[in-house]
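Participant: Pasting start_20.txt below, which is compact mmCIF, C-alpha atoms (C1' of nucleotides).
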```
# COMPACT_ATOMS: atom_id res chain seq x y z
CA MET V 25 163.38 176.03 126.71
CA ALA V 26 161.98 174.39 123.61
CA TYR V 27 159.39 172.42 125.57
CA SER V 28 158.60 171.91 129.22
CA LYS V 29 159.52 168.57 130.74
CA LYS V 30 157.25 168.82 133.73
CA ASN V 31 155.18 165.84 132.61
CA GLU V 32 158.15 163.50 132.46
CA PHE V 33 157.88 162.99 136.20
CA THR V 34 155.57 160.94 138.38
CA GLN V 35 152.05 162.18 138.97
CA GLU V 36 152.73 162.48 142.70
CA ASP V 37 155.79 164.68 142.24
CA THR V 38 153.95 166.77 139.65
CA TRP V 39 150.94 167.22 141.91
CA LEU V 40 153.07 168.21 144.89
CA ALA V 41 154.98 170.68 142.75
CA ASP V 42 151.70 172.11 141.56
CA VAL V 43 150.42 172.67 145.09
CA ALA V 44 153.75 174.25 146.01
CA LYS V 45 153.45 176.53 143.00
CA ALA V 46 150.06 177.72 144.24
CA LEU V 47 151.72 178.62 147.55
CA SER V 48 154.74 180.24 145.91
CA HIS V 49 153.56 183.86 146.04
CA PRO V 50 153.20 185.82 149.29
CA ALA V 51 149.91 187.29 148.09
CA ARG V 52 148.43 183.81 147.86
CA ILE V 53 149.73 182.83 151.30
CA ARG V 54 148.15 186.02 152.61
CA ILE V 55 144.87 185.34 150.82
CA LEU V 56 144.61 181.90 152.42
CA LYS V 57 145.12 183.45 155.84
CA ILE V 58 142.57 186.20 155.15
CA LEU V 59 140.00 183.67 153.99
CA THR V 60 140.44 181.76 157.24
CA GLU V 61 140.31 184.82 159.47
CA MET V 62 137.12 186.14 157.87
CA ASN V 63 134.39 183.56 157.60
CA VAL V 64 132.86 185.08 154.47
CA CYS V 65 135.01 186.89 152.00
CA MET V 66 134.43 188.63 148.69
CA CYS V 67 137.12 189.44 146.20
CA GLY V 68 136.74 193.14 146.97
CA ASP V 69 137.43 192.55 150.67
CA ILE V 70 140.76 190.97 149.77
CA VAL V 71 141.61 193.75 147.33
CA ASP V 72 141.18 196.24 150.18
CA LEU V 73 143.70 194.31 152.27
CA LEU V 74 146.39 193.79 149.62
CA PRO V 75 148.60 196.22 147.68
CA LEU V 76 147.33 194.78 144.40
CA SER V 77 144.69 195.68 141.86
CA GLN V 78 141.37 193.90 141.59
CA SER V 79 142.35 192.10 138.42
CA THR V 80 145.60 190.85 139.92
CA VAL V 81 143.87 189.58 143.05
CA SER V 82 141.33 187.86 140.83
CA GLN V 83 144.17 186.07 139.07
CA HIS V 84 145.69 184.91 142.35
CA LEU V 85 142.29 183.62 143.44
CA LYS V 86 142.03 181.77 140.16
CA GLU V 87 145.38 180.07 140.76
CA LEU V 88 144.33 178.96 144.25
CA LYS V 89 141.05 177.70 142.81
CA ARG V 90 142.89 175.82 140.04
CA VAL V 91 144.60 173.52 142.52
CA GLY V 92 141.49 173.34 144.68
CA LEU V 93 142.80 175.07 147.79
CA ILE V 94 139.84 177.44 147.77
CA HIS V 95 136.44 177.63 146.15
CA GLY V 96 134.14 180.49 145.23
CA ASP V 97 130.39 180.32 145.57
CA ILE V 98 128.45 182.73 143.40
CA ASP V 99 126.01 184.86 145.36
CA GLY V 100 124.37 187.31 143.02
CA PRO V 101 126.98 189.69 141.65
CA LYS V 102 129.28 188.71 144.52
CA VAL V 103 131.46 185.63 144.85
CA CYS V 104 131.92 184.19 148.30
CA TYR V 105 135.38 182.71 148.62
CA CYS V 106 136.28 180.08 151.17
CA VAL V 107 139.20 177.78 151.86
CA ASN V 108 138.66 174.17 150.84
CA ASN V 109 139.40 172.25 154.00
CA ILE V 110 139.38 168.85 152.34
CA ASN V 111 142.02 169.75 149.79
CA LEU V 112 144.06 171.74 152.28
CA GLN V 113 144.17 168.67 154.47
CA LYS V 114 145.20 166.53 151.52
CA ALA V 115 147.94 169.01 150.64
CA LYS V 116 149.14 169.02 154.24
CA GLN V 117 149.25 165.22 154.31
CA GLU V 118 151.16 164.95 151.05
CA LEU V 119 153.63 167.61 152.15
CA ASP V 120 154.06 165.80 155.47
CA LEU V 121 154.75 162.62 153.52
CA LEU V 122 157.33 164.39 151.40
CA PHE V 123 159.11 165.77 154.43
CA SER V 124 159.06 162.39 156.15
CA GLN V 125 160.69 160.91 153.04
CA VAL V 126 163.18 163.70 152.65
CA CYS V 127 164.12 164.82 156.13
CA ASN V 128 166.11 162.65 158.52
CA CYS V 129 164.95 164.42 161.62
CA MET Q 9 154.07 193.97 135.80
CA ALA Q 10 156.19 197.11 135.90
CA TYR Q 11 157.69 196.07 139.24
CA SER Q 12 157.28 193.08 141.50
CA LYS Q 13 155.32 193.59 144.68
CA LYS Q 14 156.60 190.54 146.46
CA ASN Q 15 158.35 192.61 149.11
CA GLU Q 16 155.20 194.42 150.14
CA PHE Q 17 154.27 191.46 152.29
CA THR Q 18 155.46 190.21 155.68
CA GLN Q 19 158.80 188.48 155.90
CA GLU Q 20 157.11 185.30 157.07
CA ASP Q 21 154.74 185.12 154.13
CA THR Q 22 157.59 185.94 151.75
CA TRP Q 23 159.83 183.28 153.24
CA LEU Q 24 157.12 180.64 153.08
CA ALA Q 25 156.36 181.55 149.48
CA ASP Q 26 160.04 181.29 148.69
CA VAL Q 27 160.30 177.79 150.14
CA ALA Q 28 157.18 176.80 148.22
CA LYS Q 29 158.73 178.18 145.06
CA ALA Q 30 161.77 175.97 145.57
CA LEU Q 31 159.40 172.98 145.76
CA SER Q 32 157.33 174.10 142.77
CA HIS Q 33 159.03 171.98 140.11
CA PRO Q 34 158.77 168.16 139.98
CA ALA Q 35 162.48 167.90 139.18
CA ARG Q 36 163.31 169.58 142.46
CA ILE Q 37 160.92 167.37 144.42
CA ARG Q 38 162.59 164.38 142.76
CA ILE Q 39 166.07 165.70 143.52
CA LEU Q 40 165.25 166.01 147.21
CA LYS Q 41 164.04 162.42 147.25
CA ILE Q 42 167.11 161.21 145.38
CA LEU Q 43 169.42 163.02 147.78
CA THR Q 44 167.74 161.27 150.69
CA GLU Q 45 167.74 157.82 149.10
CA MET Q 46 171.43 157.97 148.23
CA ASN Q 47 173.65 158.97 151.09
CA VAL Q 48 176.26 160.65 148.91
CA CYS Q 49 175.27 162.23 145.64
CA MET Q 50 177.08 164.08 142.90
CA CYS Q 51 175.42 166.26 140.32
CA GLY Q 52 176.21 163.70 137.64
CA ASP Q 53 174.38 160.96 139.55
CA ILE Q 54 171.23 163.08 139.50
CA VAL Q 55 171.63 163.91 135.83
CA ASP Q 56 171.65 160.17 135.10
CA LEU Q 57 168.33 159.78 136.90
CA LEU Q 58 166.49 162.74 135.39
CA PRO Q 59 165.39 163.55 131.82
CA LEU Q 60 167.27 166.84 131.98
CA SER Q 61 170.65 168.10 130.85
CA GLN Q 62 173.54 168.68 133.22
CA SER Q 63 173.23 172.44 133.07
CA THR Q 64 169.52 172.32 133.82
CA VAL Q 65 170.02 170.01 136.80
CA SER Q 66 172.74 172.32 138.03
CA GLN Q 67 170.26 175.21 137.92
CA HIS Q 68 167.69 173.25 139.91
CA LEU Q 69 170.34 172.39 142.49
CA LYS Q 70 171.21 176.06 142.69
CA GLU Q 71 167.60 176.97 143.40
CA LEU Q 72 167.37 174.38 146.19
CA LYS Q 73 170.64 175.68 147.60
CA ARG Q 74 169.39 179.27 147.42
CA VAL Q 75 166.65 178.61 149.98
CA GLY Q 76 168.93 176.33 151.99
CA LEU Q 77 167.09 173.04 151.51
CA ILE Q 78 170.31 171.38 150.35
CA HIS Q 79 174.01 172.11 150.49
CA GLY Q 80 176.92 171.05 148.35
CA ASP Q 81 180.33 170.21 149.74
CA ILE Q 82 183.22 170.51 147.33
CA ASP Q 83 185.31 167.35 147.13
CA GLY Q 84 187.97 167.79 144.50
CA PRO Q 85 186.33 168.23 141.12
CA LYS Q 86 183.15 166.70 142.52
CA VAL Q 87 180.46 168.34 144.61
CA CYS Q 88 178.78 166.21 147.22
CA TYR Q 89 175.16 167.28 147.58
CA CYS Q 90 173.12 166.57 150.69
CA VAL Q 91 169.77 167.62 152.06
CA ASN Q 92 169.96 170.21 154.83
CA ASN Q 93 167.99 168.60 157.64
CA ILE Q 94 167.90 171.71 159.78
CA ASN Q 95 166.32 173.88 157.14
CA LEU Q 96 164.03 171.10 155.94
CA GLN Q 97 162.76 170.80 159.48
CA LYS Q 98 162.28 174.55 159.70
CA ALA Q 99 160.38 174.50 156.41
CA LYS Q 100 158.21 171.66 157.64
CA GLN Q 101 157.43 173.51 160.86
CA GLU Q 102 156.54 176.74 159.10
CA LEU Q 103 154.34 174.90 156.61
CA ASP Q 104 152.66 173.06 159.49
CA LEU Q 105 152.04 176.43 161.13
CA LEU Q 106 150.53 177.79 157.93
CA PHE Q 107 148.20 174.82 157.58
CA SER Q 108 147.18 175.05 161.22
CA GLN Q 109 146.30 178.71 160.64
CA VAL Q 110 144.54 178.07 157.37
CA CYS Q 111 142.83 174.73 157.66
CA ASN Q 112 139.88 174.14 159.98
CA CYS Q 113 140.36 170.41 160.19
C1' DT U 27 202.39 168.55 131.81
C1' DT U 28 198.67 166.61 129.62
C1' DT U 29 194.25 164.48 129.96
C1' DA U 30 189.82 163.23 131.73
C1' DT U 31 186.16 164.24 134.95
C1' DT U 32 183.03 167.14 137.29
C1' DC U 33 180.39 170.96 137.58
C1' DA U 34 179.06 176.13 137.38
C1' DT U 35 178.10 179.76 134.47
C1' DC U 36 177.16 182.29 130.14
C1' DG U 37 174.36 183.12 126.26
C1' DT U 38 170.20 182.25 124.07
C1' DA U 39 165.41 180.84 123.08
C1' DT U 40 160.92 180.06 124.67
C1' DA U 41 157.31 179.68 128.18
C1' DT U 42 155.17 181.23 132.18
C1' DT U 43 154.12 184.47 135.81
C1' DT U 44 152.99 188.87 137.57
C1' DG U 45 150.76 193.08 137.19
C1' DC U 46 147.65 196.68 135.43
C1' DG U 47 143.78 199.13 133.06
C1' DA U 48 139.80 198.55 130.27
C1' DT U 49 135.89 196.15 129.27
C1' DG U 50 131.87 193.53 129.76
C1' DA U 51 128.85 190.07 132.03
C1' DA U 52 125.75 189.17 135.90
C1' DC U 53 122.97 190.50 139.25
C1' DG U 54 120.37 193.48 142.79
C1' DA U 55 118.24 197.69 143.63
C1' DT U 56 115.80 201.71 142.15
C1' DA O 9 114.55 199.90 132.09
C1' DT O 10 118.45 202.01 134.24
C1' DC O 11 122.10 202.25 137.48
C1' DG O 12 125.60 200.73 140.69
C1' DT O 13 128.27 196.87 142.42
C1' DT O 14 131.04 192.87 141.90
C1' DC O 15 134.06 190.27 139.55
C1' DA O 16 136.25 187.60 135.47
C1' DT O 17 138.61 188.07 131.41
C1' DC O 18 141.19 190.32 127.60
C1' DG O 19 145.17 192.63 125.95
C1' DC O 20 149.40 194.22 126.93
C1' DA O 21 154.16 194.91 129.11
C1' DA O 22 157.79 193.44 131.93
C1' DA O 23 159.95 190.08 134.85
C1' DT O 24 161.12 185.19 135.89
C1' DA O 25 161.57 180.49 135.05
C1' DT O 26 162.90 176.57 132.26
C1' DA O 27 165.89 174.34 129.18
C1' DC O 28 169.94 173.54 126.35
C1' DG O 29 174.70 173.66 124.34
C1' DA O 30 179.11 175.69 124.75
C1' DT O 31 182.68 177.06 127.47
C1' DG O 32 185.85 177.31 131.15
C1' DA O 33 187.52 176.52 135.94
C1' DA O 34 189.15 173.11 139.22
C1' DT O 35 190.99 169.03 140.43
C1' DA O 36 192.75 164.13 140.14
C1' DA O 37 195.12 160.91 137.49
C1' DA O 38 198.27 159.60 133.87
```
If you took the structure in this file and wrote it as structure tokens, what would it be?
Facilitator:
Amino acid sequence: MAYSKKNEFTQEDTWLADVAKALSHPARIRILKILTEMNVCMCGDIVDLLPLSQSTVSQHLKELKRVGLIHGDIDGPKVCYCVNNINLQKAKQELDLLFSQVCNC
Amino acid sequence: MAYSKKNEFTQEDTWLADVAKALSHPARIRILKILTEMNVCMCGDIVDLLPLSQSTVSQHLKELKRVGLIHGDIDGPKVCYCVNNINLQKAKQELDLLFSQVCNC
DNA sequence: TTTATTCATCGTATATTTGCGATGAACGAT
DNA sequence: ATCGTTCATCGCAAATATACGATGAATAAA
């Protein structure tokens, strides 16, 4: 590849692609749904519901945190994960905008 | 990784993740927009508009075709690429459903 | 038939993602 | 102070993605 060319695009396209990347693994889709279904959710709760190890789930949570779709509040040795409604709404709006630009329906 | 675990999830979550993956590179976001702006579009037209080689653009087109967001109609030595409105609409609907499940706004 | 155009695919290099076990940090409870 | 719980991170291995040049197939035009 030599070097990535991802930054030779507009910031909007890059941001949208980045959000899409965060959604591009079924485990992360599932995690978002789990976090909404359960009001409070620790990492261990999610591990129990997924066919993945604790360290792998932790990585997926980190990716969702990176783009701001969730946040984790430290509570002693636990971390309470929640969806970030503000950023989810922003992501929804930007995706809606993309589809309105791209789809002639 | 040993083996991927992507198929240990529901078909819906896997399909959504797959659509998101197709949108997870700014070049592919850009290509979708270009295909909408121009009514008829050959691969070479897109290559002229992107900082990527012809073979790389062809790969991105292939990925968009794989999930059905675009289709290419052969026209002699040319290939006429278009967005696939039906599947774009389906993708939009499924993403809307996800956000309605996941976002408390 | 030869030539030019258009594009997909192959081969290759590098980067990134996915996944796990092991380890250690942080904290509450004993 | 010690122990158990919770979780992030490190180190590693394997799989995928990104990017390019080279090549070849397919067709239109000459």
Participant: Kindly indicate which residue among V:Leu73, V:Leu119, V:Leu85, V:Gln113 lies nearest to Ser32 (chain Q), using all atoms listed in the file for the distances.
Facilitator: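 Using all atoms listed in the file, Ser32 (chain Q) sits closest to V:Leu119.
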Participant: In Å, with one decimal, what is the gap from CA of Ala25 (chain Q) to C1' of DT38 (chain U)?
Facilitator: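 So the answer is 28.9 Å.
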Participant: Can you tell me, as a list in words, what residues are no more than 10 Å from region 108-112 of chain Q when counting all atoms listed in the file, ignoring any on the same chain fewer than 4 positions away?
Facilitator: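 So, after excluding close chain neighbours, the residues are Ile53, Arg54, Ile55, Leu56, Lys57, Ile58, Leu59, Thr60, Glu61, Leu93, Val107, Asn108, Asn109, Ile110, Asn111, Leu112, Gln113 and Lys116 of chain V; Glu102, Leu103 and Asp104 of chain Q.
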Participant: If we count all atoms listed in the file and set the cut-off at 9 Å, which residues sit around region 51-54 of chain U, ignoring sequence neighbours fewer than 6 positions away in its own chain? Please answer as a PyMOL selection string.
Facilitator: (chain V and resi 99-102) or (chain O and resi 13-14+16)
Participant: Report, in Å to a single decimal, how far apart CA of Met62 (chain V) and CA of Asp97 (chain V) are.
Facilitator: 15.2 Å
Participant: List the spatial neighbours of Gln78 (chain V) as a ChimeraX atom specification - criterion: any atom at most 8 Å away, all atoms listed in the file, same-chain residues fewer than 5 positions off excluded.
Facilitator: /V:67-68,71
Participant: Adding 5 Å on each side of the box along x, y and z that holds all listed atoms of region 82-86 of chain V, could you give its centre and edge lengths in Å to one decimal, as AutoDock Vina command-line options?
Facilitator:
```
--center_x 143.5 --center_y 184.8 --center_z 141.3 --size_x 14.4 --size_y 16.1 --size_z 14.4
```
Participant: Give me the residues of chain U that have any atom at most 12 Å from an atom of chain Q; for each, the nearest atom pair and the distance in Å, rounded to one decimal. Use all atoms listed in the file, sort by chain and number, and format it as JSON lines.
Facilitator:
```
{"residue": "U:DA30", "atom": "C1'", "partner": "Q:Pro85", "partner_atom": "CA", "distance": 11.2}
{"residue": "U:DT31", "atom": "C1'", "partner": "Q:Pro85", "partner_atom": "CA", "distance": 7.3}
{"residue": "U:DT32", "atom": "C1'", "partner": "Q:Pro85", "partner_atom": "CA", "distance": 5.2}
{"residue": "U:DC33", "atom": "C1'", "partner": "Q:Lys86", "partner_atom": "CA", "distance": 7.1}
{"residue": "U:DA34", "atom": "C1'", "partner": "Q:Ser66", "partner_atom": "CA", "distance": 7.4}
{"residue": "U:DT35", "atom": "C1'", "partner": "Q:Ser63", "partner_atom": "CA", "distance": 8.9}
{"residue": "U:DC36", "atom": "C1'", "partner": "Q:Ser63", "partner_atom": "CA", "distance": 11.0}
{"residue": "U:DT43", "atom": "C1'", "partner": "Q:Met9", "partner_atom": "CA", "distance": 9.5}
{"residue": "U:DT44", "atom": "C1'", "partner": "Q:Met9", "partner_atom": "CA", "distance": 5.5}
{"residue": "U:DG45", "atom": "C1'", "partner": "Q:Met9", "partner_atom": "CA", "distance": 3.7}
{"residue": "U:DC46", "atom": "C1'", "partner": "Q:Met9", "partner_atom": "CA", "distance": 7.0}
{"residue": "U:DG47", "atom": "C1'", "partner": "Q:Met9", "partner_atom": "CA", "distance": 11.8}
```
Participant: Which of these residues is nearest to chain V, using all atoms listed in the file: Q:Gly76, Q:Pro34, Q:Asn15, Q:Glu71?
Facilitator: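 Smallest separation from chain V among the options: Q:Pro34.
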Participant: Compile the residues of chain O that lie within 12 Å of chain V, evaluated using all atoms listed in the file, and express the compilation as a list in words.
Facilitator: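 On the chain O side, the interface is DG12, DT13, DT14, DC15, DA16, DT17, DC18, DA25, DT26, DA27, DC28 and DG29 of chain O.
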Participant: Work out how far C1' of DA22 (chain O) is from CA of Asp42 (chain V), in Å to one decimal.
Facilitator: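 For CA of Asp42 (chain V) relative to C1' of DA22 (chain O), the distance reads 24.2 Å.
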Participant: Using all atoms listed in the file, can you tell me which of Q:Ala28, Q:Trp23, Q:Ala99, Q:Ile82 comes closest to chain V?
Facilitator: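 With all atoms listed in the file as the atom set, the closest residue is Q:Ala28.
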Participant: Let me make sure I understand: among V:Gln35, V:Lys45, V:Ile94, V:Ser77, which one has the smallest atom-to-atom distance to chain Q if we use all atoms listed in the file?
Facilitator: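 Comparing V:Gln35, V:Lys45, V:Ile94, V:Ser77 against chain Q, the winner is V:Lys45.
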